[in-house]
$ cat run_5.txt   # compact mmCIF, C-alpha atoms
# COMPACT_ATOMS: atom_id res chain seq x y z
CA MET A 1 -70.57 21.56 -60.42
CA ASP A 2 -73.91 19.98 -61.32
CA PRO A 3 -74.69 19.38 -65.04
CA ILE A 4 -77.26 22.16 -65.46
CA SER A 5 -75.05 24.79 -63.83
CA ALA A 6 -72.15 23.69 -66.04
CA ARG A 7 -74.32 24.00 -69.15
CA LEU A 8 -75.52 27.49 -68.22
CA LEU A 9 -72.01 28.65 -67.37
CA ALA A 10 -70.72 27.49 -70.76
CA ARG A 11 -73.52 28.86 -72.94
CA LEU A 12 -75.00 32.02 -71.42
CA PRO A 13 -73.64 35.34 -70.11
CA GLN A 14 -73.17 35.33 -66.34
CA LYS A 15 -74.50 38.82 -65.78
CA ILE A 16 -77.45 40.51 -64.15
CA ASP A 17 -79.19 43.08 -66.33
CA LEU A 18 -82.57 44.07 -64.93
CA SER A 19 -85.00 44.54 -67.80
CA LEU A 20 -88.28 42.99 -68.96
CA ASP A 21 -87.86 43.65 -72.68
CA ARG A 22 -85.77 40.54 -73.44
CA MET A 23 -87.91 38.39 -71.18
CA ARG A 24 -91.16 39.49 -72.81
CA ALA A 25 -89.69 38.80 -76.25
CA LEU A 26 -88.51 35.36 -75.15
CA CYS A 27 -91.88 34.48 -73.62
CA ALA A 28 -93.66 35.60 -76.79
CA ALA A 29 -91.40 33.32 -78.86
CA LEU A 30 -92.27 30.44 -76.52
CA GLY A 31 -96.04 30.97 -76.69
CA ASP A 32 -96.35 33.12 -73.55
CA PRO A 33 -96.22 30.36 -70.93
CA GLN A 34 -96.64 32.96 -68.17
CA ASP A 35 -100.27 33.33 -69.31
CA ARG A 36 -100.96 29.59 -69.02
CA LEU A 37 -99.96 28.98 -65.41
CA PRO A 38 -102.16 27.77 -62.60
CA ALA A 39 -103.04 30.33 -59.92
CA VAL A 40 -99.84 32.22 -58.98
CA VAL A 41 -98.59 33.58 -55.67
CA HIS A 42 -95.76 36.01 -56.56
CA VAL A 43 -93.32 36.64 -53.70
CA ALA A 44 -90.91 39.60 -53.53
CA GLY A 45 -88.84 41.03 -50.66
CA THR A 46 -85.30 41.15 -49.29
CA ASN A 47 -85.32 38.41 -46.65
CA GLY A 48 -87.71 35.61 -45.80
CA LYS A 49 -88.96 34.89 -49.33
CA GLY A 50 -87.79 31.28 -49.37
CA SER A 51 -89.02 30.52 -45.86
CA THR A 52 -92.42 32.08 -46.59
CA VAL A 53 -92.69 30.02 -49.78
CA ALA A 54 -91.69 26.89 -47.83
CA PHE A 55 -94.47 27.45 -45.29
CA LEU A 56 -96.98 28.16 -48.08
CA ARG A 57 -95.99 25.07 -50.02
CA ALA A 58 -96.37 22.90 -46.92
CA MET A 59 -99.81 24.39 -46.20
CA ALA A 60 -101.07 24.02 -49.77
CA GLU A 61 -99.81 20.46 -50.09
CA ALA A 62 -101.38 19.59 -46.73
CA ALA A 63 -104.65 20.81 -48.26
CA GLY A 64 -104.19 18.33 -51.10
CA LEU A 65 -103.12 20.82 -53.76
CA ARG A 66 -100.53 20.11 -56.44
CA VAL A 67 -97.98 22.89 -56.12
CA HIS A 68 -95.30 24.24 -58.46
CA VAL A 69 -92.42 26.19 -56.87
CA TYR A 70 -89.74 28.41 -58.42
CA THR A 71 -87.03 29.76 -56.09
CA SER A 72 -83.40 30.87 -56.27
CA PRO A 73 -80.56 30.40 -55.75
CA HIS A 74 -80.04 26.67 -55.38
CA LEU A 75 -77.78 25.13 -52.76
CA VAL A 76 -76.33 22.00 -54.37
CA ARG A 77 -78.12 21.20 -57.64
CA PHE A 78 -79.69 23.68 -60.04
CA ASN A 79 -82.76 21.44 -60.22
CA GLU A 80 -83.68 22.59 -56.70
CA ARG A 81 -84.98 25.84 -58.19
CA ILE A 82 -87.91 24.21 -60.00
CA ARG A 83 -90.43 21.93 -58.29
CA LEU A 84 -93.27 20.60 -60.43
CA ALA A 85 -96.42 19.39 -58.66
CA GLY A 86 -94.30 18.44 -55.66
CA ASP A 87 -91.23 16.92 -57.33
CA LEU A 88 -87.89 18.49 -58.27
CA ILE A 89 -87.53 18.75 -62.03
CA GLU A 90 -85.45 16.00 -63.65
CA THR A 91 -82.21 16.94 -65.41
CA ASP A 92 -83.26 15.52 -68.80
CA ALA A 93 -86.52 17.45 -68.70
CA LEU A 94 -84.74 20.67 -67.74
CA ASN A 95 -82.18 20.23 -70.51
CA GLY A 96 -85.03 19.81 -72.99
CA LEU A 97 -86.68 23.01 -71.80
CA LEU A 98 -83.39 24.91 -72.03
CA ASP A 99 -82.97 23.59 -75.60
CA ARG A 100 -86.33 25.15 -76.47
CA VAL A 101 -85.35 28.42 -74.80
CA GLU A 102 -82.08 28.58 -76.72
CA ALA A 103 -83.83 27.68 -80.00
CA ALA A 104 -86.06 30.75 -79.59
CA GLY A 105 -83.01 32.82 -80.57
CA VAL A 106 -83.50 35.66 -78.06
CA PRO A 107 -80.25 36.75 -76.33
CA VAL A 108 -80.92 36.52 -72.58
CA THR A 109 -79.15 36.16 -69.24
CA VAL A 110 -78.95 32.95 -67.21
CA PHE A 111 -81.77 33.95 -64.89
CA GLU A 112 -84.00 34.96 -67.78
CA ALA A 113 -83.38 31.65 -69.55
CA THR A 114 -84.02 29.56 -66.46
CA THR A 115 -87.11 31.58 -65.54
CA ALA A 116 -88.49 30.98 -69.04
CA ALA A 117 -87.73 27.26 -68.67
CA ALA A 118 -89.53 27.22 -65.33
CA LEU A 119 -92.56 29.01 -66.76
CA LEU A 120 -92.70 26.51 -69.64
CA ALA A 121 -92.47 23.56 -67.27
CA MET A 122 -95.17 24.96 -65.00
CA ALA A 123 -97.47 25.79 -67.90
CA GLU A 124 -97.16 22.27 -69.31
CA THR A 125 -97.45 20.30 -66.05
CA PRO A 126 -100.90 20.18 -64.39
CA ALA A 127 -101.06 21.77 -60.94
CA ASP A 128 -103.36 23.84 -58.76
CA LEU A 129 -100.97 26.54 -57.56
CA ALA A 130 -97.61 28.07 -58.51
CA LEU A 131 -95.43 29.77 -55.89
CA ILE A 132 -92.96 32.00 -57.72
CA GLU A 133 -90.16 33.86 -55.96
CA VAL A 134 -88.67 37.05 -57.38
CA GLY A 135 -84.97 36.74 -58.15
CA LEU A 136 -83.81 40.32 -57.64
CA GLY A 137 -85.81 43.48 -57.02
CA GLY A 138 -89.26 43.05 -58.47
CA ARG A 139 -90.29 45.68 -60.99
CA LEU A 140 -87.75 44.57 -63.61
CA ASP A 141 -87.21 41.00 -62.42
CA ALA A 142 -87.71 38.30 -65.04
CA THR A 143 -90.59 36.78 -63.05
CA ASN A 144 -92.55 40.03 -63.34
CA VAL A 145 -93.83 39.05 -66.79
CA ILE A 146 -96.65 37.48 -64.77
CA ASP A 147 -99.31 40.15 -65.17
CA ARG A 148 -102.12 38.66 -63.14
CA PRO A 149 -101.10 36.65 -60.06
CA LEU A 150 -103.78 35.52 -57.64
CA VAL A 151 -101.91 37.10 -54.70
CA SER A 152 -98.79 39.27 -54.46
CA VAL A 153 -96.54 39.07 -51.40
CA ILE A 154 -93.78 41.36 -50.12
CA THR A 155 -91.58 40.04 -47.31
CA PRO A 156 -89.42 42.45 -45.23
CA VAL A 157 -87.56 45.00 -47.34
CA ASP A 158 -84.02 45.99 -46.39
CA LEU A 159 -80.58 46.55 -47.92
CA ASP A 160 -79.00 43.95 -50.22
CA HIS A 161 -77.66 43.80 -53.79
CA ALA A 162 -76.61 47.44 -53.50
CA GLU A 163 -74.85 47.35 -56.87
CA PHE A 164 -78.22 46.79 -58.57
CA LEU A 165 -80.79 48.26 -56.19
CA GLY A 166 -78.83 51.00 -54.41
CA THR A 167 -78.58 51.79 -50.70
CA ASP A 168 -81.80 53.73 -50.16
CA ARG A 169 -84.40 51.48 -48.54
CA ALA A 170 -87.29 53.54 -49.91
CA VAL A 171 -85.94 53.16 -53.45
CA ILE A 172 -85.52 49.43 -52.90
CA ALA A 173 -89.09 49.23 -51.62
CA GLY A 174 -90.22 50.88 -54.85
CA GLU A 175 -88.55 48.11 -56.84
CA LYS A 176 -90.15 45.42 -54.68
CA ALA A 177 -93.54 47.12 -54.94
CA GLY A 178 -93.29 46.75 -58.71
CA VAL A 179 -94.87 43.29 -58.30
CA LEU A 180 -98.16 44.87 -57.16
CA LYS A 181 -100.85 44.58 -59.83
CA PRO A 182 -104.19 46.34 -60.40
CA GLY A 183 -106.97 44.59 -58.52
CA VAL A 184 -104.69 41.85 -57.15
CA PRO A 185 -104.68 41.49 -53.35
CA ALA A 186 -101.28 41.76 -51.68
CA VAL A 187 -100.05 40.49 -48.33
CA ILE A 188 -97.27 42.60 -46.84
CA ALA A 189 -94.83 41.72 -44.06
CA ARG A 190 -94.01 44.06 -41.21
CA GLN A 191 -91.92 46.86 -42.75
CA ALA A 192 -89.78 49.82 -41.76
CA GLU A 193 -91.76 53.04 -41.97
CA ASP A 194 -90.00 54.38 -45.07
CA ALA A 195 -90.48 51.13 -46.98
CA MET A 196 -94.13 50.84 -45.98
CA ALA A 197 -94.90 54.36 -47.17
CA VAL A 198 -93.59 53.53 -50.64
CA ILE A 199 -95.46 50.22 -50.80
CA GLU A 200 -98.72 51.89 -49.74
CA ALA A 201 -98.31 54.64 -52.32
CA GLU A 202 -97.73 52.13 -55.13
CA ALA A 203 -100.69 50.03 -53.98
CA ALA A 204 -102.91 53.10 -54.08
CA ARG A 205 -101.62 53.99 -57.54
CA VAL A 206 -102.35 50.60 -59.07
CA GLY A 207 -105.41 49.72 -57.02
CA ALA A 208 -104.08 46.75 -55.03
CA ARG A 209 -105.76 45.87 -51.71
CA LEU A 210 -103.15 45.45 -48.96
CA THR A 211 -103.26 43.15 -45.94
CA VAL A 212 -100.41 44.29 -43.72
CA MET A 213 -98.72 42.55 -40.81
CA GLY A 214 -98.85 44.70 -37.69
CA ARG A 215 -102.03 46.41 -38.89
CA ASP A 216 -104.44 43.81 -40.29
CA PHE A 217 -102.92 40.75 -38.67
CA ASP A 218 -100.12 39.83 -36.30
CA ALA A 219 -98.52 36.84 -34.61
CA TRP A 220 -96.49 36.14 -31.51
CA PRO A 221 -94.97 33.23 -29.57
CA GLU A 222 -97.24 31.86 -26.86
CA ARG A 223 -96.45 29.02 -24.42
CA GLY A 224 -94.01 27.36 -26.79
CA ALA A 225 -96.39 27.67 -29.71
CA MET A 226 -97.64 30.51 -31.93
CA ALA A 227 -100.76 32.67 -31.93
CA TRP A 228 -102.05 34.37 -35.09
CA GLN A 229 -104.60 37.18 -34.87
CA GLY A 230 -106.52 38.63 -37.81
CA GLU A 231 -109.36 41.12 -37.87
CA ASP A 232 -111.99 38.43 -37.37
CA ARG A 233 -110.21 35.28 -36.23
CA LEU A 234 -107.64 33.96 -33.80
CA LEU A 235 -105.62 30.87 -34.64
CA ASP A 236 -103.69 28.79 -32.11
CA LEU A 237 -100.85 27.30 -34.12
CA PRO A 238 -97.84 25.11 -33.35
CA ALA A 239 -94.36 26.58 -33.19
CA PRO A 240 -92.93 26.97 -36.71
CA ALA A 241 -90.81 24.06 -37.89
CA LEU A 242 -88.08 26.52 -38.95
CA TYR A 243 -85.91 27.82 -36.10
CA GLY A 244 -85.77 31.42 -34.91
CA ALA A 245 -88.15 34.14 -33.73
CA HIS A 246 -88.10 35.68 -37.23
CA GLN A 247 -89.71 32.50 -38.55
CA ILE A 248 -92.87 33.37 -36.62
CA ASP A 249 -93.18 36.43 -38.85
CA ASN A 250 -92.49 34.36 -41.99
CA ALA A 251 -95.03 31.73 -40.95
CA ALA A 252 -97.56 34.44 -40.08
CA LEU A 253 -97.16 35.98 -43.52
CA ALA A 254 -97.76 32.57 -45.09
CA VAL A 255 -100.86 32.09 -42.92
CA ALA A 256 -102.31 35.38 -44.17
CA VAL A 257 -101.70 34.27 -47.78
CA ALA A 258 -103.18 30.84 -47.05
CA LEU A 259 -106.34 32.51 -45.77
CA GLU A 260 -106.50 34.56 -48.99
CA LEU A 261 -106.35 31.19 -50.79
CA ASP A 262 -109.10 29.85 -48.50
CA LEU A 263 -106.99 26.92 -47.30
CA PRO A 264 -108.50 24.99 -44.39
CA GLU A 265 -107.22 25.62 -40.88
CA ALA A 266 -106.04 22.03 -40.49
CA ALA A 267 -103.76 22.42 -43.53
CA ILE A 268 -102.41 25.70 -42.16
CA VAL A 269 -101.57 24.02 -38.85
CA ARG A 270 -99.88 21.13 -40.64
CA GLY A 271 -97.87 23.46 -42.87
CA VAL A 272 -96.56 25.55 -39.98
CA GLU A 273 -95.27 22.48 -38.15
CA THR A 274 -93.80 20.59 -41.13
CA ALA A 275 -92.24 23.18 -43.48
CA GLN A 276 -88.65 22.45 -44.44
CA TRP A 277 -86.15 24.92 -45.86
CA PRO A 278 -82.44 24.12 -45.57
CA ALA A 279 -79.64 26.47 -44.53
CA ARG A 280 -81.95 28.68 -42.47
CA MET A 281 -80.74 28.05 -38.90
CA GLN A 282 -80.58 24.37 -39.78
CA ARG A 283 -79.17 22.01 -37.18
CA LEU A 284 -76.75 19.67 -38.94
CA THR A 285 -76.85 16.13 -37.59
CA GLU A 286 -75.39 14.13 -40.48
CA GLY A 287 -72.34 14.34 -42.72
CA ARG A 288 -68.66 14.60 -41.96
CA TYR A 289 -68.82 18.16 -40.59
CA ALA A 290 -71.60 17.23 -38.20
CA GLU A 291 -69.69 14.11 -37.16
CA ALA A 292 -66.53 16.13 -36.49
CA ALA A 293 -68.51 18.55 -34.33
CA ARG A 294 -70.27 15.73 -32.47
CA GLU A 295 -66.94 14.05 -31.63
CA ALA A 296 -65.95 17.31 -29.93
CA ASP A 297 -69.32 17.53 -28.14
CA ALA A 298 -70.28 20.60 -30.17
CA GLU A 299 -73.50 21.55 -31.93
CA LEU A 300 -73.25 22.48 -35.61
CA TRP A 301 -75.69 24.88 -37.28
CA LEU A 302 -75.97 26.24 -40.82
CA ASP A 303 -77.44 29.57 -41.92
CA GLY A 304 -77.27 31.17 -45.36
CA GLY A 305 -78.25 34.73 -44.39
CA HIS A 306 -75.88 37.19 -46.06
CA ASN A 307 -76.98 40.77 -45.34
CA PRO A 308 -77.33 42.91 -42.19
CA HIS A 309 -81.06 42.27 -41.81
CA ALA A 310 -80.49 38.50 -41.98
CA ALA A 311 -77.55 38.81 -39.58
CA ALA A 312 -79.80 40.62 -37.09
CA ALA A 313 -82.22 37.68 -37.24
CA LEU A 314 -79.33 35.26 -36.77
CA GLY A 315 -78.00 37.30 -33.86
CA ASP A 316 -81.41 37.31 -32.18
CA ALA A 317 -81.76 33.54 -32.64
CA LEU A 318 -78.31 32.95 -31.18
CA SER A 319 -78.92 35.28 -28.23
CA ARG A 320 -82.11 33.40 -27.35
CA MET A 321 -80.34 30.07 -27.78
CA GLN A 322 -77.41 31.16 -25.62
CA ALA A 323 -79.74 32.49 -22.93
CA ARG A 324 -81.51 29.11 -22.69
CA ALA A 325 -78.43 26.91 -22.97
CA PRO A 326 -75.15 28.86 -22.95
CA ARG A 327 -72.19 27.32 -24.75
CA PRO A 328 -68.96 28.87 -26.12
CA LEU A 329 -69.93 30.19 -29.55
CA ALA A 330 -67.98 30.24 -32.81
CA LEU A 331 -69.00 31.47 -36.25
CA ILE A 332 -67.44 30.04 -39.39
CA CYS A 333 -68.12 32.76 -41.92
CA GLY A 334 -67.59 33.19 -45.65
CA MET A 335 -69.18 35.95 -47.72
CA LEU A 336 -69.31 37.15 -51.29
CA ALA A 337 -66.93 40.06 -51.80
CA ASN A 338 -69.76 42.41 -52.81
CA LYS A 339 -71.75 41.96 -49.59
CA ASP A 340 -71.92 44.38 -46.65
CA ALA A 341 -69.56 42.52 -44.32
CA GLY A 342 -69.40 45.47 -41.93
CA GLY A 343 -73.16 45.59 -41.49
CA PHE A 344 -73.26 41.80 -41.15
CA PHE A 345 -70.71 41.67 -38.33
CA GLU A 346 -72.10 44.78 -36.63
CA ALA A 347 -75.40 42.93 -36.25
CA LEU A 348 -73.57 39.99 -34.65
CA GLY A 349 -71.29 42.03 -32.39
CA ASP A 350 -73.22 41.28 -29.20
CA THR A 351 -73.03 37.50 -29.61
CA GLY A 352 -69.52 37.32 -28.17
CA ALA A 353 -68.61 34.74 -30.79
CA HIS A 354 -65.17 34.14 -32.20
CA VAL A 355 -65.23 34.28 -36.01
CA PHE A 356 -63.26 31.93 -38.27
CA THR A 357 -63.34 33.25 -41.84
CA VAL A 358 -63.15 30.94 -44.85
CA PRO A 359 -63.13 31.08 -48.66
CA PHE A 360 -65.48 29.18 -50.99
CA GLN A 361 -65.80 28.67 -54.71
CA GLY A 362 -66.74 31.81 -56.60
CA ALA A 363 -66.35 35.50 -55.82
CA ALA A 364 -65.77 35.07 -52.10
CA ALA A 365 -64.21 37.74 -49.91
CA ASP A 366 -60.59 37.15 -48.90
CA PRO A 367 -60.63 35.46 -45.46
CA ALA A 368 -57.97 37.80 -44.07
CA ALA A 369 -59.89 40.88 -45.21
CA LEU A 370 -63.13 39.45 -43.83
CA ALA A 371 -61.46 38.71 -40.49
CA ALA A 372 -60.24 42.30 -40.33
CA VAL A 373 -63.79 43.57 -40.80
CA ALA A 374 -65.07 41.26 -38.07
CA HIS A 375 -62.29 42.37 -35.75
CA GLY A 376 -63.16 45.99 -36.49
CA HIS A 377 -66.66 45.32 -35.13
CA GLY A 378 -65.41 43.93 -31.84
CA LEU A 379 -65.30 40.23 -32.67
CA GLY A 380 -62.28 38.01 -32.31
CA ALA A 381 -61.47 36.72 -35.77
CA THR A 382 -59.10 34.20 -37.35
CA PRO A 383 -58.71 33.63 -41.11
CA CYS A 384 -58.59 29.98 -42.18
CA GLU A 385 -57.79 28.21 -45.44
CA GLY A 386 -61.05 26.26 -45.55
CA LEU A 387 -64.02 24.77 -43.74
CA ASP A 388 -62.18 21.76 -42.36
CA ALA A 389 -59.46 23.89 -40.82
CA ALA A 390 -61.96 26.36 -39.42
CA LEU A 391 -64.07 23.68 -37.77
CA GLU A 392 -60.98 21.96 -36.36
CA ARG A 393 -59.78 25.25 -34.86
CA ALA A 394 -63.20 26.16 -33.51
CA VAL A 395 -63.64 22.92 -31.57
CA ARG A 396 -59.98 22.86 -30.51
CA PHE A 397 -60.50 26.28 -28.96
CA GLY A 398 -63.46 24.97 -27.01
CA ALA A 399 -66.51 26.04 -29.02
CA GLY A 400 -69.59 24.09 -27.98
CA ARG A 401 -71.86 25.70 -30.56
CA VAL A 402 -70.60 26.39 -34.10
CA VAL A 403 -72.59 28.23 -36.77
CA ILE A 404 -71.51 28.21 -40.42
CA CYS A 405 -72.93 31.40 -41.92
CA GLY A 406 -72.60 34.33 -44.31
CA SER A 407 -73.53 32.89 -47.70
CA LEU A 408 -75.92 30.48 -49.38
CA TYR A 409 -73.01 29.49 -51.62
CA LEU A 410 -70.98 28.46 -48.58
CA ALA A 411 -74.05 26.64 -47.23
CA GLY A 412 -74.32 24.78 -50.53
CA GLU A 413 -70.73 23.61 -50.23
CA VAL A 414 -71.44 22.25 -46.75
CA LEU A 415 -74.57 20.40 -47.83
CA GLY A 416 -73.00 19.21 -51.08
CA ALA A 417 -69.94 17.79 -49.35
CA ASP A 418 -71.99 14.82 -48.15
CA ASP A 419 -74.94 15.12 -50.53
CA ILE A 420 -77.16 16.06 -47.61
CA THR A 421 -79.41 18.36 -49.63
CA TRP A 422 -82.93 19.21 -48.61
CA PRO A 423 -85.57 16.46 -48.43
CA ARG A 424 -86.86 15.43 -51.82

$ encode --input "run_5.txt" --output "structure tokens"
Amino acid sequence: MDPISARLLARLPQKIDLSLDRMRALCAALGDPQDRLPAVVHVAGTNGKGSTVAFLRAMAEAAGLRVHVYTSPHLVRFNERIRLAGDLIETDALNGLLDRVEAAGVPVTVFEATTAAALLAMAETPADLALIEVGLGGRLDATNVIDRPLVSVITPVDLDHAEFLGTDRAVIAGEKAGVLKPGVPAVIARQAEDAMAVIEAEAARVGARLTVMGRDFDAWPERGAMAWQGEDRLLDLPAPALYGAHQIDNAALAVAVALELDLPEAAIVRGVETAQWPARMQRLTEGRYAEAAREADAELWLDGGHNPHAAAALGDALSRMQARAPRPLALICGMLANKDAGGFFEALGDTGAHVFTVPFQGAAADPAALAAVAHGHGLGATPCEGLDAALERAVRFGAGRVVICGSLYLAGEVLGADDITWPR
């Protein structure tokens, strides 16, 4: 465990309690850093938040802007969550900020404390833009103390975190739409009809102008690249650097935000083709797991998607990959026990993959129980005691393409095993 995670585990309650009262009190005690930020893009949604932020960061930095970024969760080191003017925050600096948060004397959760530390760091470090990702929900998320972002963003809304947000997509959309602010323009991803109705109603209530994918702009693959069409312009863009058809939608959403920010077209092009975001259909080419796969002439991929909507995107990516270059397919899957494993495997049922289920540190589902769920959705499934055993079995049984999937926590263990975290 990295030093910051160990500190937070020892000192603060490991719970999620959605409320803004504690966070507002903490921010007031710290001098309201949320009111001293550079221009903010506030990003909510169920899936695609991190990828959209990654595209936006790449575009803004290509335009010469200094960019702060706050995302969650991390993969290997807690420091990954906070990027200040392009650089990951240093451990000593983060410890100092957490000391100030604790000295404020307001009882808060881990996410509230770290969000306050991030806001302090961003308020006190010069930059041109801050990209801030919602942690959970939106309306009552700790990041929603930001009252006046420059742009609000809502990525696709679907089911996840049912214990906090419920299982009604319209209700979840209402929580996500809580980031919409009076007079602040909002860029909205393509949505299911029930979610879109809620978002539009909230936008009308608060007076937020919406730019909606599928209505005001759209994008599609074209001759190995990407076309983006708005009401008054057509952009010919390179294929997104991140793999999968769903990344065209994420890149397109980022393009629409970039145009709201008036970024130059050359920077948009550069951002689309250079964005990096690990554990999102990431091809692993280094580290001991990649080496073990390569020795067996197998590809190794890593994806942290952990809900049915993300599994559908993964399934689509794999179907396209298999159609172009078919190889025997295996999934090495571990999931948190509170996730919708049935919905996840249902979305992957047509891949024909054999599933090897594994545990990981934390509240992971039992591999045998997870294998039973996969088997119940028509997939061959074998429980394993760990990643090494699962990979050994997968390649021994002839898999030529192996995808480790089901959890960002599992993805973090893979990347951390060889310290092959994202580029600095």

$ closest_residue --input "run_5.txt" --among "A:His354, A:Arg77, A:Arg320, A:Arg24" --to "Ala245 of chain A" --atoms "only C-alpha atoms"
A:Arg320

$ closest_residue --input "run_5.txt" --among "A:Ala252, A:Leu415, A:Ile89, A:Leu180" --to "Gln282 of chain A" --atoms "all atoms listed in the file"
A:Leu415

$ closest_residue --input "run_5.txt" --among "A:Pro326, A:Gly412, A:Pro33, A:Gly178" --to "Gln361 of chain A" --atoms "only C-alpha atoms"
A:Gly412

$ residues_around --input "run_5.txt" --residues "Val184 of chain A" --least-positions-apart "3" --cutoff "7 Å" --atoms "only C-alpha atoms" --output "PyMOL selection string"
chain A and resi 149-152+181+208-209

$ residues_around --input "run_5.txt" --residues "segment 387-392 of chain A" --least-positions-apart "4" --cutoff "10 Å" --atoms "all atoms listed in the file" --output "VMD selection string"
chain A and resid 288 to 290 292 to 293 296 300 330 to 334 355 to 360 382 to 383 396 to 397 399 402 to 404 410 413 to 414

$ atom_distance --input "run_5.txt" --atom1 "atom CA of Asp2 of chain A" --atom2 "atom CA of Gly96 of chain A"
16.1 Å

$ residues_around --input "run_5.txt" --residues "segment 80-87 of chain A" --least-positions-apart "6" --cutoff "12 Å" --atoms "all atoms listed in the file" --output "ChimeraX atom specification"
/A:2,4-5,37-38,50,53-54,57-58,60-62,64-74,93-94,97,111,114-135,277-278,412,421-424

$ closest_residue --input "run_5.txt" --among "A:Val395, A:Leu302, A:Ala353, A:Ala364" --to "Gly380 of chain A" --atoms "all atoms listed in the file"
A:Ala353

$ atom_distance --input "run_5.txt" --atom1 "atom CA of Ala189 of chain A" --atom2 "atom CA of Asp158 of chain A"
11.9 Å

$ atom_distance --input "run_5.txt" --atom1 "atom CA of Asp17 of chain A" --atom2 "atom CA of Thr143 of chain A"
13.4 Å

$ closest_residue --input "run_5.txt" --among "A:Asp216, A:Ala170, A:Asp21, A:Glu346" --to "Asp232 of chain A" --atoms "only C-alpha atoms"
A:Asp216

$ residues_around --input "run_5.txt" --residues "segment 254-265 of chain A" --least-positions-apart "3" --cutoff "7 Å" --atoms "all atoms listed in the file" --output "PyMOL selection string"
chain A and resi 52+55-56+63+187+250-251+268-269

$ axis_aligned_box --input "run_5.txt" --around "segment 388-407 of chain A" --padding-each-side "6 Å" --output "AutoDock Vina command-line options"
--center_x -66.5 --center_y 28.0 --center_z -37.4 --size_x 26.1 --size_y 24.6 --size_z 32.7

$ residues_around --input "run_5.txt" --residues "Ala363 of chain A" --least-positions-apart "6" --cutoff "10 Å" --atoms "all atoms listed in the file" --output "list in words"
Met335, Leu336, Ala337, Asn338 and Tyr409 of chain A

$ closest_residue --input "run_5.txt" --among "A:Ala28, A:Leu210, A:Leu284, A:Leu98" --to "Asp418 of chain A" --atoms "all atoms listed in the file"
A:Leu284

$ decode --input "run_5.txt" --residues "segment 292-303 of chain A" --atoms "N, CA and C atoms" --output "PDB file, in the first residue's frame"
ATOM      1  N   ALA A 292       4.943 -13.217 -19.693  1.00  0.00           N
ATOM      2  CA  ALA A 292       4.413 -14.581 -19.653  1.00  0.00           C
ATOM      3  C   ALA A 292       3.452 -14.829 -20.807  1.00  0.00           C
ATOM      4  N   ALA A 293       2.634 -13.834 -21.127  1.00  0.00           N
ATOM      5  CA  ALA A 293       1.712 -13.979 -22.256  1.00  0.00           C
ATOM      6  C   ALA A 293       2.484 -14.054 -23.570  1.00  0.00           C
ATOM      7  N   ARG A 294       3.491 -13.208 -23.722  1.00  0.00           N
ATOM      8  CA  ARG A 294       4.259 -13.170 -24.966  1.00  0.00           C
ATOM      9  C   ARG A 294       4.975 -14.502 -25.199  1.00  0.00           C
ATOM     10  N   GLU A 295       5.491 -15.118 -24.152  1.00  0.00           N
ATOM     11  CA  GLU A 295       6.170 -16.409 -24.300  1.00  0.00           C
ATOM     12  C   GLU A 295       5.223 -17.483 -24.823  1.00  0.00           C
ATOM     13  N   ALA A 296       3.910 -17.301 -24.550  1.00  0.00           N
ATOM     14  CA  ALA A 296       2.916 -18.252 -25.044  1.00  0.00           C
ATOM     15  C   ALA A 296       2.255 -17.766 -26.330  1.00  0.00           C
ATOM     16  N   ASP A 297       2.839 -16.718 -26.934  1.00  0.00           N
ATOM     17  CA  ASP A 297       2.312 -16.135 -28.175  1.00  0.00           C
ATOM     18  C   ASP A 297       0.875 -15.643 -27.987  1.00  0.00           C
ATOM     19  N   ALA A 298       0.629 -15.022 -26.848  1.00  0.00           N
ATOM     20  CA  ALA A 298      -0.708 -14.489 -26.560  1.00  0.00           C
ATOM     21  C   ALA A 298      -0.635 -12.984 -26.335  1.00  0.00           C
ATOM     22  N   GLU A 299      -1.677 -12.282 -26.746  1.00  0.00           N
ATOM     23  CA  GLU A 299      -1.830 -10.873 -26.426  1.00  0.00           C
ATOM     24  C   GLU A 299      -2.370 -10.744 -25.006  1.00  0.00           C
ATOM     25  N   LEU A 300      -2.002  -9.656 -24.319  1.00  0.00           N
ATOM     26  CA  LEU A 300      -2.533  -9.399 -22.989  1.00  0.00           C
ATOM     27  C   LEU A 300      -3.086  -7.977 -22.948  1.00  0.00           C
ATOM     28  N   TRP A 301      -4.348  -7.853 -22.529  1.00  0.00           N
ATOM     29  CA  TRP A 301      -5.040  -6.580 -22.449  1.00  0.00           C
ATOM     30  C   TRP A 301      -5.544  -6.358 -21.028  1.00  0.00           C
ATOM     31  N   LEU A 302      -5.770  -5.083 -20.684  1.00  0.00           N
ATOM     32  CA  LEU A 302      -6.219  -4.731 -19.338  1.00  0.00           C
ATOM     33  C   LEU A 302      -7.349  -3.724 -19.435  1.00  0.00           C
ATOM     34  N   ASP A 303      -8.463  -4.006 -18.753  1.00  0.00           N
ATOM     35  CA  ASP A 303      -9.597  -3.086 -18.763  1.00  0.00           C
ATOM     36  C   ASP A 303     -10.236  -3.054 -17.379  1.00  0.00           C
TER      37      ASP A 303
END
